[in-house]
Each structure stands twice: as structure tokens, then as C-alpha cells.
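Okay, structure first, notes after.
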Amino acid sequence: MACRWRRKTPDAPLRPSDGPPRAAFQIAPMTHPAPARRLYIKTYGCQMNVYDSERMADVLRPLGYAVTDRPEGADLVVLNTCHIREKATEKVYSELGQIKRMKARKQADGGTMTIAVAGCVAQAEGAEIMARPPAVALVVGPQAYHKLPELIARAHRASGQRLAADFTADEKFDALPSGRAPGGVSAFLTVQEGCDKFCAFCVVPYTRGAEYSRPIEAVLAEAELLAAQGVREVTLLGQNVNAYAGEGGLAGLIRRLALVPGIDRIRYTTSHPRDMDAALIAAHGEVEALMPYLHLPVQAGSDRVLRAMNRAHTAADYLRLIEQIRAARPDIALSGDFIVGFPGESEADFEETLQLVAETRYASAFSFKYSRRPGTPAAAMSGQVPDAVKEARLARLQALLGEQQAAFNRACVGRALPVLFEKPGRHPGQVVGRSPYLQAVHIEAAESLVGEIRAVEILDSGRGSLSGALSPSPRLEPA
């Protein structure tokens, strides 16, 4: 089904993604008989990149590429990159050095390896990548990966067209195949891309472009395809997912998705406080399939720092939102993002961040030291905070956030929570799933539970996970 995207009319400068940078992911290999070509994709960054990598595998599958879990010997290596933090970019260049050596070894054995760099580093630094020694054959920006088959063919014909970073979101989604290979009972589903708010610290507006929203019919059609393949939980993705501008906004989309047979759980990430409207807050209290978990980044608790970041909200605005959300769904688990050591941040500013965290009470959070990104306004700001100060502040913040996460998990002990089981555990006879609050939950049970939602009595908690046993109780207990 063709997916025309709808562009949200920008009424403010672009905003970077609030999506927390993640560790590198790898697309799980699929079983294929004697694949003609082997594809290795390594994914850096946020869930949007995980989704993009899955779709790259989809567009390359008709060309005979099957995913492998190792780069050695691969015919095509794709690094799907993130540009949020400086270290992420450094890791890409380091990885390229290792892949280049693998390519040389394969060539020495008479084979070939094509290397492609995709994602936000490709968009932002494509010219520099291509100017380096010719190990990289293709540079593909976030809006152009649907062109991979054509670009690979052109590269193999040595046509010279190696850079494709200037395509729009509607071109990309029109060209994607309708089929998906989710590979599990939970799947990501992109509904929105881009940003219209320009936070001072982030490059995403420059690499992902303006806000686009997929029409509701296209999203529903993809959700139905996922459900037909056994997916029971979808996580709606967007740089500003709650700025979704399709019919009825994000709340309307969630209500429609909740009617799709087979889709029992709905989540979304990442949100901006400015786009958290009354309809979406109400949906948290009214739509049973919408899980009681919300990632709502604030970045700092100091109004002075928030103004410098161009966040366009105050700490009081954020706390009022939290109060409204908890009134609609009292047991909701909150997650957030924090940046410490933003240029000009004083000790008093940082103390205000600690105070906001203490008032909000998070179930989980992502926190980072500020990292300069070339081309962003913050990179040129005066008052850059020494790294040692940033390190100390981050340690204090993470200690408080860790205490709150541990307390939230302990409060789940003794409750019966419905768990969607996703995969076998690390140990024989163990299965792992997710609670409504996105916690990992492991129990001793048969692998046949994978794909089922069962009530689990929580017996113990750690900072990052829960453990329990099957319970006869069928319902989620109130907080």
C-alpha cells in the first residue's frame, strides 16, 4: 500500500529527537536456505534506527540478501548510524576501519564486500565519508534507504553514483515494500519522522528534516500486517511521536490501533512536553491497550537551562503535565531524558534538575553528559562545562535515578502483572517477557509461553528486571 506522508506545517524551529541514544543493535538473522548473498546490518542509536534497519533488510530481501549476525564474509555490510553523540560518530569510524580490513581479506580470497554507511552520520558527514579512502561504496541518508537496491546495482556497475542523502520522507515510504518481517511478538512501527522545534543541542533536525506524519490508513494497514504475523505489541515511533498530525492526532491513531484484531498492547516514543495534549492524556486513562508507560523527556530542571536549550517549556509546565497524566492513569511508569553539563549550567541549575527528579519520581530514565555536536547552536555557546564537573554531576543524577528505579521495581513485588512473553531466557527452562511498565520479567516456564500474555506474581526485583512465577490472577492490579 502506498504511504503518502502528511507534512505538519512548522510553526516553530525544528527540534531534535528526544529519543535516548541506545547501545548498538544488530538485526536478528533469519533462516534461509543457502542464501546467495549475506547482509550484515549494525544499528546505532534510537528505536527509529532499529525500525529503519528492519526496513532496509526488507527492501534488500528481494535481491537475495539474507541477514547474517557476523560481518566477516558478508557480501553487504550496512552501518546504520546515529549522530546524537560524539562518541557514536567515533564508533562508526572505528568500526569502518575494522570492516575495511575484513573487506581486504575477502578480496584476497577472491570475494567482494560492499560497505554502506546509512543513517544520520551519513546525512551529516556523507561528503567527508566519501572523501576518505574508497572502502565505503555507498552513503545513504535516513530518507533514502529505499534506494539501496538501485544504488547497489549502480555501484556494482561502477556508475559512480555513491551518495544518496537528499530524498524526502514521502518518497521513502511510498517505495517501501508492504511486507514486514518483524521476527517477534513485539514490533516497532514508525508513524512520524522529523522535527520542527530545534533544540540547541541536537543535529536531528538537520539529518531527519521537518515533521512528517504518515496517514492513519497506512499505519493501520502496516499494523494489520504485523498482527497477521503474530505481533501482539506495537511501539509507535517518531522523533516527535506525539506531534503526529494524522487524522485525530496520536490519540486518535491509538484508539484506532486498539481495534486492530491481535494488537493487544500499544506503546509510543519519543514525546515532547509541548505536544502532550489533553486527548492523548485522556487516552492513557481510557484505552486499555495503551500501556501505562510514558517516556517524556525534560532534559533539565532549570528554567534558565531550558531556555538556553530552546525547549520552549518550563520546569513548572512539565510538572503540571505529570500531575495531569497521573490523574488520568495513577499507576503510570514515567521515563525521561536528562543532559547534564549543558553550556552555562551552574551548580544551582543542576540542583534544580535533582529537585525536579525528586518531585517526578521516575521508573526509568536516560541521562548523559552534554556532548558538542558541530553545527548546533550549543556547540558555539560560551560557558562550556569542564568534563570533570559533568562526570561528577552525572554520577549524582544517575545515583538518584537508580534509587527511584529500584524503588519502583520493589513496589511491584507481591503484585500480579500481565506479562507478554517474548523469548527464551538466558538459562534453560526460563522465558522472558515485558510487564506493562516495560520491565523485563523472567520466570521458570516452558518456551511455549512465548507470544502469550499471562499473569505473573512478582517475587523479586532487581534494578533492571523482575522475577516471578505464573499466577492465576488474570488482571493488572492497581497501583
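Ligands are numbered from 1 in the order shown, chains are lettered A, B, ... in the order of the C-alpha cells, and residues start at 1 in each chain.
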### Surrounding residues of Leu356 (chain A) excluding itself and chain neighbours under 2 positions, 10 Å, only C-alpha atoms, as a PyMOL selection string
chain A and resi 298+300-302+315-316+318-319+350-354+358-361
### Task
Just the residues within 9 Å of Gly341 (chain A), please, counting only C-alpha atoms, with nothing from its chain fewer than 5 positions along; format it as a list in words.
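Selected residues are Ser346, Phe350, Phe368, Lys369, Tyr370, Ser371, Gln384, Val385, Pro386, Asp387, Val389, Lys390, Glu391, Arg393 and Leu394 of chain A.
Each of A:Cys82, A:Val139, A:Ile322, A:Leu466 was compared to Leu296 (chain A) using only C-alpha atoms, and A:Ile322 turns out to be the nearest.
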### Query
Within 7 Å of Arg463 (chain A), counting only C-alpha atoms, which residues qualify if same-chain residues fewer than 5 places away don't, as a PyMOL selection string?
chain A and resi 405-406+409
Using N, CA and C atoms, can you export the residues from the last selection as a tab-separated table (two decimals), in the first residue's frame?
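In the end it all went to result00.tsv:
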```tsv
chain	number	residue	atom	x	y	z
A	405	GLN	N	14.37	4.02	40.30
A	405	GLN	CA	14.04	2.83	39.52
A	405	GLN	C	13.95	1.60	40.41
A	406	ALA	N	14.90	1.46	41.30
A	406	ALA	CA	14.89	0.31	42.22
A	406	ALA	C	13.64	0.34	43.11
A	409	ASN	N	10.60	-0.75	41.07
A	409	ASN	CA	10.60	-2.19	40.87
A	409	ASN	C	10.24	-2.94	42.15
```
### Task
Find the residue from A:Arg372, A:Arg320, A:His295, A:His146 that sits nearest to Thr270 (chain A); use only C-alpha atoms when measuring.
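Smallest distance to Thr270 (chain A) is found for A:His295.
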### Task
Within region 261-348 of chain A, find each residue whose DSSP state, derived from the backbone, is strand (DSSP E), and express the selection as a ChimeraX atom specification.
/A:265-269,293-295,333-340
### Message
Please return, as number ranges by chain, all residues of region 285-407 of chain A that DSSP assigns to alpha helix (DSSP H) on the basis of the backbone.
### Response
A: 285-286, 303-309, 315-328, 347-360, 387-407
### Val59 (chain A) surroundings by only C-alpha atoms, 8 Å radius, close-in-sequence under 2 positions cut, as a list in words
Arg55, Met56, Ala57, Arg61, Pro62, His146, Leu148, Pro149, Leu176 and Pro177 of chain A
### Task
Do a neighbour search on Lys42 (chain A) at 12 Å with only C-alpha atoms, toss out local chain neighbours closer than 2 positions, and write the hits as a count of residues only.
40
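Atom to atom, CA of Val191 (chain A) and CA of Leu257 (chain A) stand 11.9 Å apart.
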### Query
Any idea what's packed within 12 Å of region 291-293 of chain A, counting only C-alpha atoms, ignoring anything in its chain fewer than 4 positions away? Could you give it as a PyMOL selection string?
chain A and resi 233-236+254+258+264-271+281+283-287+325-326+328-336+362-365+417-420+434-439+476+478-479
Same residues, N, CA and C atoms, saved as a short mmCIF file (atom, residue, chain, number, x, y, z; two decimals), in the first residue's frame:
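Produced file selection_39.cif, reproduced below:
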```
data_model
loop_
_atom_site.label_atom_id
_atom_site.label_comp_id
_atom_site.auth_asym_id
_atom_site.auth_seq_id
_atom_site.Cartn_x
_atom_site.Cartn_y
_atom_site.Cartn_z
N GLU A 233 2.24 -6.63 20.22
CA GLU A 233 2.54 -5.33 20.80
C GLU A 233 3.26 -4.47 19.77
N VAL A 234 2.79 -3.24 19.57
CA VAL A 234 3.48 -2.31 18.67
C VAL A 234 3.91 -1.09 19.47
N THR A 235 5.11 -0.62 19.16
CA THR A 235 5.62 0.64 19.72
C THR A 235 5.67 1.65 18.59
N LEU A 236 4.86 2.69 18.70
CA LEU A 236 4.79 3.73 17.68
C LEU A 236 5.99 4.66 17.84
N ILE A 254 -4.06 5.93 18.22
CA ILE A 254 -4.01 4.89 19.24
C ILE A 254 -5.37 4.22 19.41
N ALA A 258 -6.09 0.27 18.65
CA ALA A 258 -6.59 -0.62 19.71
C ALA A 258 -7.71 -1.52 19.20
N ASP A 264 -2.70 -6.25 21.08
CA ASP A 264 -3.17 -6.17 22.46
C ASP A 264 -2.47 -5.08 23.27
N ARG A 265 -1.30 -4.65 22.79
CA ARG A 265 -0.55 -3.65 23.55
C ARG A 265 -0.02 -2.58 22.61
N ILE A 266 -0.08 -1.34 23.08
CA ILE A 266 0.41 -0.20 22.30
C ILE A 266 1.29 0.65 23.21
N ARG A 267 2.43 1.03 22.67
CA ARG A 267 3.33 1.98 23.33
C ARG A 267 3.72 3.04 22.31
N TYR A 268 4.35 4.12 22.77
CA TYR A 268 4.87 5.12 21.82
C TYR A 268 6.07 5.83 22.43
N THR A 269 6.95 6.27 21.56
CA THR A 269 8.14 7.00 21.96
C THR A 269 8.75 7.66 20.71
N THR A 270 9.34 8.84 20.76
CA THR A 270 9.58 9.63 21.96
C THR A 270 8.72 10.88 21.89
N SER A 271 8.33 11.40 23.04
CA SER A 271 7.39 12.51 23.11
C SER A 271 8.08 13.81 23.52
N ILE A 281 -3.53 12.57 26.84
CA ILE A 281 -3.55 12.27 28.27
C ILE A 281 -4.78 11.44 28.62
N ALA A 283 -6.40 9.44 26.69
CA ALA A 283 -6.27 8.10 26.13
C ALA A 283 -5.55 7.17 27.10
N HIS A 284 -4.62 7.70 27.88
CA HIS A 284 -3.92 6.87 28.85
C HIS A 284 -4.85 6.30 29.90
N GLY A 285 -5.92 7.01 30.19
CA GLY A 285 -6.86 6.51 31.17
C GLY A 285 -8.01 5.71 30.58
N GLU A 286 -8.18 5.78 29.26
CA GLU A 286 -9.37 5.20 28.64
C GLU A 286 -9.10 4.03 27.70
N VAL A 287 -7.91 3.94 27.14
CA VAL A 287 -7.61 2.89 26.16
C VAL A 287 -6.85 1.77 26.86
N ILE A 325 -1.22 13.75 33.86
CA ILE A 325 -1.06 12.38 33.37
C ILE A 325 -1.35 11.38 34.48
N ARG A 326 -0.84 11.67 35.66
CA ARG A 326 -1.06 10.75 36.79
C ARG A 326 -2.52 10.77 37.24
N ALA A 328 -4.97 10.97 35.16
CA ALA A 328 -5.64 10.11 34.18
C ALA A 328 -5.27 8.65 34.38
N ARG A 329 -4.01 8.37 34.73
CA ARG A 329 -3.55 6.99 34.89
C ARG A 329 -2.64 6.93 36.11
N PRO A 330 -3.18 6.72 37.30
CA PRO A 330 -2.38 6.82 38.54
C PRO A 330 -1.18 5.89 38.58
N ASP A 331 -1.25 4.73 37.94
CA ASP A 331 -0.15 3.77 38.06
C ASP A 331 0.87 3.90 36.95
N ILE A 332 0.84 4.99 36.20
CA ILE A 332 1.74 5.11 35.05
C ILE A 332 3.20 5.14 35.49
N ALA A 333 4.06 4.48 34.72
CA ALA A 333 5.50 4.49 34.94
C ALA A 333 6.10 5.55 34.03
N LEU A 334 6.86 6.46 34.59
CA LEU A 334 7.43 7.57 33.83
C LEU A 334 8.91 7.35 33.56
N SER A 335 9.30 7.71 32.36
CA SER A 335 10.71 7.68 31.97
C SER A 335 11.07 9.05 31.40
N GLY A 336 12.33 9.42 31.46
CA GLY A 336 12.75 10.72 30.96
C GLY A 336 14.16 10.71 30.43
N TYR A 362 10.77 8.87 38.84
CA TYR A 362 10.85 8.12 37.58
C TYR A 362 10.99 6.63 37.84
N ALA A 363 10.39 5.84 36.92
CA ALA A 363 10.57 4.40 36.95
C ALA A 363 11.82 3.99 36.18
N SER A 364 12.24 4.83 35.24
CA SER A 364 13.47 4.61 34.48
C SER A 364 13.83 5.94 33.83
N ALA A 365 15.06 6.05 33.37
CA ALA A 365 15.48 7.29 32.73
C ALA A 365 16.78 7.08 31.99
N LEU A 417 1.18 -9.11 37.64
CA LEU A 417 1.25 -8.26 36.46
C LEU A 417 1.08 -9.10 35.20
N PRO A 418 0.31 -8.62 34.22
CA PRO A 418 0.22 -9.33 32.94
C PRO A 418 1.51 -9.13 32.15
N VAL A 419 2.13 -10.22 31.75
CA VAL A 419 3.42 -10.18 31.06
C VAL A 419 3.27 -10.77 29.67
N LEU A 420 3.76 -10.04 28.68
CA LEU A 420 3.82 -10.56 27.32
C LEU A 420 5.18 -11.25 27.15
N ARG A 434 7.77 -8.82 28.98
CA ARG A 434 7.72 -7.43 29.44
C ARG A 434 6.43 -7.19 30.22
N SER A 435 6.57 -6.47 31.31
CA SER A 435 5.42 -6.03 32.08
C SER A 435 4.77 -4.85 31.35
N PRO A 436 3.58 -4.44 31.79
CA PRO A 436 3.00 -3.22 31.21
C PRO A 436 3.91 -2.01 31.36
N TYR A 437 4.78 -2.02 32.38
CA TYR A 437 5.67 -0.90 32.65
C TYR A 437 7.01 -1.02 31.93
N LEU A 438 7.11 -1.93 30.98
CA LEU A 438 8.29 -2.17 30.15
C LEU A 438 9.44 -2.83 30.90
N GLN A 439 9.21 -3.30 32.10
CA GLN A 439 10.26 -4.03 32.81
C GLN A 439 10.44 -5.43 32.22
N LEU A 476 -4.33 -6.82 35.76
CA LEU A 476 -3.33 -5.92 36.31
C LEU A 476 -3.89 -5.28 37.57
N PRO A 478 -4.22 -2.48 40.50
CA PRO A 478 -3.97 -1.04 40.54
C PRO A 478 -2.80 -0.72 41.42
N ALA A 479 -2.17 0.45 41.14
CA ALA A 479 -1.03 0.85 41.94
C ALA A 479 -1.46 1.23 43.35
#
```
### Query
If we count only C-alpha atoms, what is near region 376-378 of chain A at a cut-off of 12 Å, once residues fewer than 3 positions away on the same chain are taken out, given as an NGL selection string?
:A and (14-16 or 83-85 or 124 or 198-207 or 305 or 307-310 or 341-345 or 370-373 or 381-385)
### Task
Find the distance between CA of Gly194 (chain A) and CA of Gly209 (chain A) and write it in Å to one decimal.
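Distance between the two atoms: 4.9 Å.
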### Query
Could you state the separation of CA of Ile339 (chain A) and CA of Ala399 (chain A) in Å, given to one decimal place?
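So the two atoms, CA of Ile339 (chain A) and CA of Ala399 (chain A), lie 14.6 Å apart.
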